[in-house]
Amino acid sequence: MTDIALGFRPNTRRVYDAPLLRGVDGDTVNIDQAVRMVSIDTPESHLGGAAPTAQATLDRCRQRLENGDYDAIDTALREHLVERLTPDAAAKHLGAGARAGQEFARMRAERLVIDPGTGVGKVGIIVTGEVIEENGRLLAYVTPWLKAPLPPPDDPRRRTFNLQLIETGWAAFFPIYPSLPRDADLNRAVRAAEDAWGRKLGVWDEFGEHVLLGYEYRACLKLGAADPPNGPAPTPAERITQAFRRVCIDVRDRTILGLYGYHQIAPPHRLWIWQDDLDKARAVLDLRDA
């Protein structure tokens, strides 16, 4: 494939909450900070409740997609989702999430050097783009801590866990502007995602090609959410707005596919932009209308 050049995005600043574990000295503290590994999306393992509860929500989503409630969504995308909203869709997705967690645990055990005194393995954190997201999680790439001299850049020991999860098919490629990797790293991730998708590794090997991806599962939970016991139910338009908040871009040629067009291209080629960032991204990334 042709190399992709999108450019590295500068960091932004945001104030956030993080629990203070202890003060080290006058100008150093230890904090407990959640890290969301960027540019990847693994299946959920708990969201939506246990499989029967989540399946009931997905069944409502399917019914609403089929009975005309969500006709504002592109017909082809509705058909794409309905095909994946099978009677075992929740069990498959949550099972895939559990397996992804197991694989990540295996990777950590295999690659981290554990301090025998503390039982803790040190990692490197590489922040990029937005730095802190709306839920207060640090957005970063995570890699085992390596002492100098470092191995060459293409040495497998240097790859991030983010990339390794893509390579093995346990995470879908999920880059979101402005938290994008540098161009060389982006191309490496795209190629890894293409290989995993083409060979149907990881999630697609164990749970099938039509398993709901993480962002599809979350959207379907919102579309299928039960009406509140008190007060008015959200309108179909309001549910759609909650479920689809990012615009999809074809990472290969920067064509804008819109809120409902991601299904037109394979998972390795999907790049995402928050709606509020689209105007800025048009200029920065030189986007093209379909």
# chains A, B, ... in the order shown; residues from 1 in each chain; ligands from 1

call {"tool": "residues_around", "arguments": {"residues": "A:Leu287", "least_positions_apart": "6", "cutoff": "7 Å", "atoms": "only C-alpha atoms", "output": "number ranges by chain"}}
result
A: 254-256

call {"tool": "write_last_selection", "arguments": {"atoms": "N, CA and C atoms", "output": "PDB file, in the first residue's frame"}}
result
ATOM      1  N   ARG A 254      -7.735   9.769   2.698  1.00  0.00           N
ATOM      2  CA  ARG A 254      -8.305  10.855   3.492  1.00  0.00           C
ATOM      3  C   ARG A 254      -9.705  11.263   3.029  1.00  0.00           C
ATOM      4  N   THR A 255     -10.423  10.330   2.420  1.00  0.00           N
ATOM      5  CA  THR A 255     -11.804  10.587   2.024  1.00  0.00           C
ATOM      6  C   THR A 255     -12.708  10.540   3.242  1.00  0.00           C
ATOM      7  N   ILE A 256     -13.598  11.521   3.360  1.00  0.00           N
ATOM      8  CA  ILE A 256     -14.549  11.577   4.463  1.00  0.00           C
ATOM      9  C   ILE A 256     -15.724  10.655   4.157  1.00  0.00           C
TER      10      ILE A 256
END

call {"tool": "residues_around", "arguments": {"residues": "A:Ala192", "least_positions_apart": "2", "cutoff": "9 Å", "atoms": "only C-alpha atoms", "output": "VMD selection string"}}
result
chain A and resid 163 to 164 166 to 169 173 187 to 190 194 to 197 268

call {"tool": "residues_around", "arguments": {"residues": "A:Gly208", "least_positions_apart": "3", "cutoff": "12 Å", "atoms": "only C-alpha atoms", "output": "number ranges by chain"}}
result
A: 84, 88-89, 92-93, 95-96, 169, 197, 199-205, 211-213

call {"tool": "select_by_dssp", "arguments": {"residues": "stretch 17-219 of chain A", "states": "alpha helix (DSSP H)", "output": "number ranges by chain"}}
result
A: 51-66, 75-84, 89-111, 161-167, 183-199, 203-207, 214-219

call {"tool": "atom_distance", "arguments": {"atom1": "atom CA of A:Arg239", "atom2": "atom CA of A:Leu223"}}
result
5.6 Å

call {"tool": "residues_around", "arguments": {"residues": "A:Ile31", "least_positions_apart": "4", "cutoff": "8 Å", "atoms": "only C-alpha atoms", "output": "ChimeraX atom specification"}}
result
/A:18-22

call {"tool": "decode", "arguments": {"residues": "stretch 62-112 of chain A", "atoms": "C-alpha atoms", "output": "mmCIF file, in the first residue's frame"}}
result
data_model
loop_
_atom_site.group_PDB
_atom_site.id
_atom_site.type_symbol
_atom_site.label_atom_id
_atom_site.label_comp_id
_atom_site.auth_asym_id
_atom_site.auth_seq_id
_atom_site.Cartn_x
_atom_site.Cartn_y
_atom_site.Cartn_z
ATOM 1 C CA ARG A 62 -31.966 -4.897 16.176
ATOM 2 C CA GLN A 63 -35.738 -4.498 16.487
ATOM 3 C CA ARG A 64 -35.465 -0.717 16.273
ATOM 4 C CA LEU A 65 -33.138 -0.941 13.280
ATOM 5 C CA GLU A 66 -35.579 -3.252 11.508
ATOM 6 C CA ASN A 67 -38.851 -1.521 12.399
ATOM 7 C CA GLY A 68 -37.930 1.911 11.060
ATOM 8 C CA ASP A 69 -37.008 3.752 14.272
ATOM 9 C CA TYR A 70 -33.520 4.453 12.927
ATOM 10 C CA ASP A 71 -34.183 5.072 9.252
ATOM 11 C CA ALA A 72 -32.079 8.242 9.575
ATOM 12 C CA ILE A 73 -29.058 5.921 9.619
ATOM 13 C CA ASP A 74 -27.760 4.907 6.203
ATOM 14 C CA THR A 75 -29.543 1.769 4.954
ATOM 15 C CA ALA A 76 -26.299 -0.080 4.251
ATOM 16 C CA LEU A 77 -25.016 0.563 7.787
ATOM 17 C CA ARG A 78 -28.304 -0.646 9.287
ATOM 18 C CA GLU A 79 -27.974 -3.867 7.290
ATOM 19 C CA HIS A 80 -24.313 -4.173 8.334
ATOM 20 C CA LEU A 81 -25.264 -3.962 12.022
ATOM 21 C CA VAL A 82 -28.325 -6.217 11.774
ATOM 22 C CA GLU A 83 -26.158 -8.915 10.206
ATOM 23 C CA ARG A 84 -23.966 -8.818 13.315
ATOM 24 C CA LEU A 85 -26.763 -8.568 15.886
ATOM 25 C CA THR A 86 -27.242 -12.318 16.137
ATOM 26 C CA PRO A 87 -28.831 -14.078 19.133
ATOM 27 C CA ASP A 88 -25.335 -14.759 20.507
ATOM 28 C CA ALA A 89 -23.817 -11.357 19.636
ATOM 29 C CA ALA A 90 -23.378 -10.281 23.267
ATOM 30 C CA ALA A 91 -21.840 -13.577 24.372
ATOM 31 C CA LYS A 92 -19.424 -13.502 21.442
ATOM 32 C CA HIS A 93 -18.401 -9.897 22.014
ATOM 33 C CA LEU A 94 -17.971 -10.200 25.784
ATOM 34 C CA GLY A 95 -16.138 -13.479 25.305
ATOM 35 C CA ALA A 96 -13.817 -11.782 22.839
ATOM 36 C CA GLY A 97 -13.241 -9.012 25.384
ATOM 37 C CA ALA A 98 -12.297 -11.540 28.054
ATOM 38 C CA ARG A 99 -9.885 -13.247 25.668
ATOM 39 C CA ALA A 100 -8.317 -9.930 24.683
ATOM 40 C CA GLY A 101 -7.722 -9.238 28.374
ATOM 41 C CA GLN A 102 -6.096 -12.644 28.796
ATOM 42 C CA GLU A 103 -3.846 -12.074 25.801
ATOM 43 C CA PHE A 104 -2.777 -8.674 27.088
ATOM 44 C CA ALA A 105 -1.989 -10.224 30.475
ATOM 45 C CA ARG A 106 0.094 -12.856 28.697
ATOM 46 C CA MET A 107 1.980 -10.156 26.786
ATOM 47 C CA ARG A 108 2.741 -8.270 29.997
ATOM 48 C CA ALA A 109 3.959 -11.414 31.749
ATOM 49 C CA GLU A 110 6.118 -12.273 28.769
ATOM 50 C CA ARG A 111 7.681 -8.860 28.173
ATOM 51 C CA LEU A 112 7.810 -6.959 31.477
#
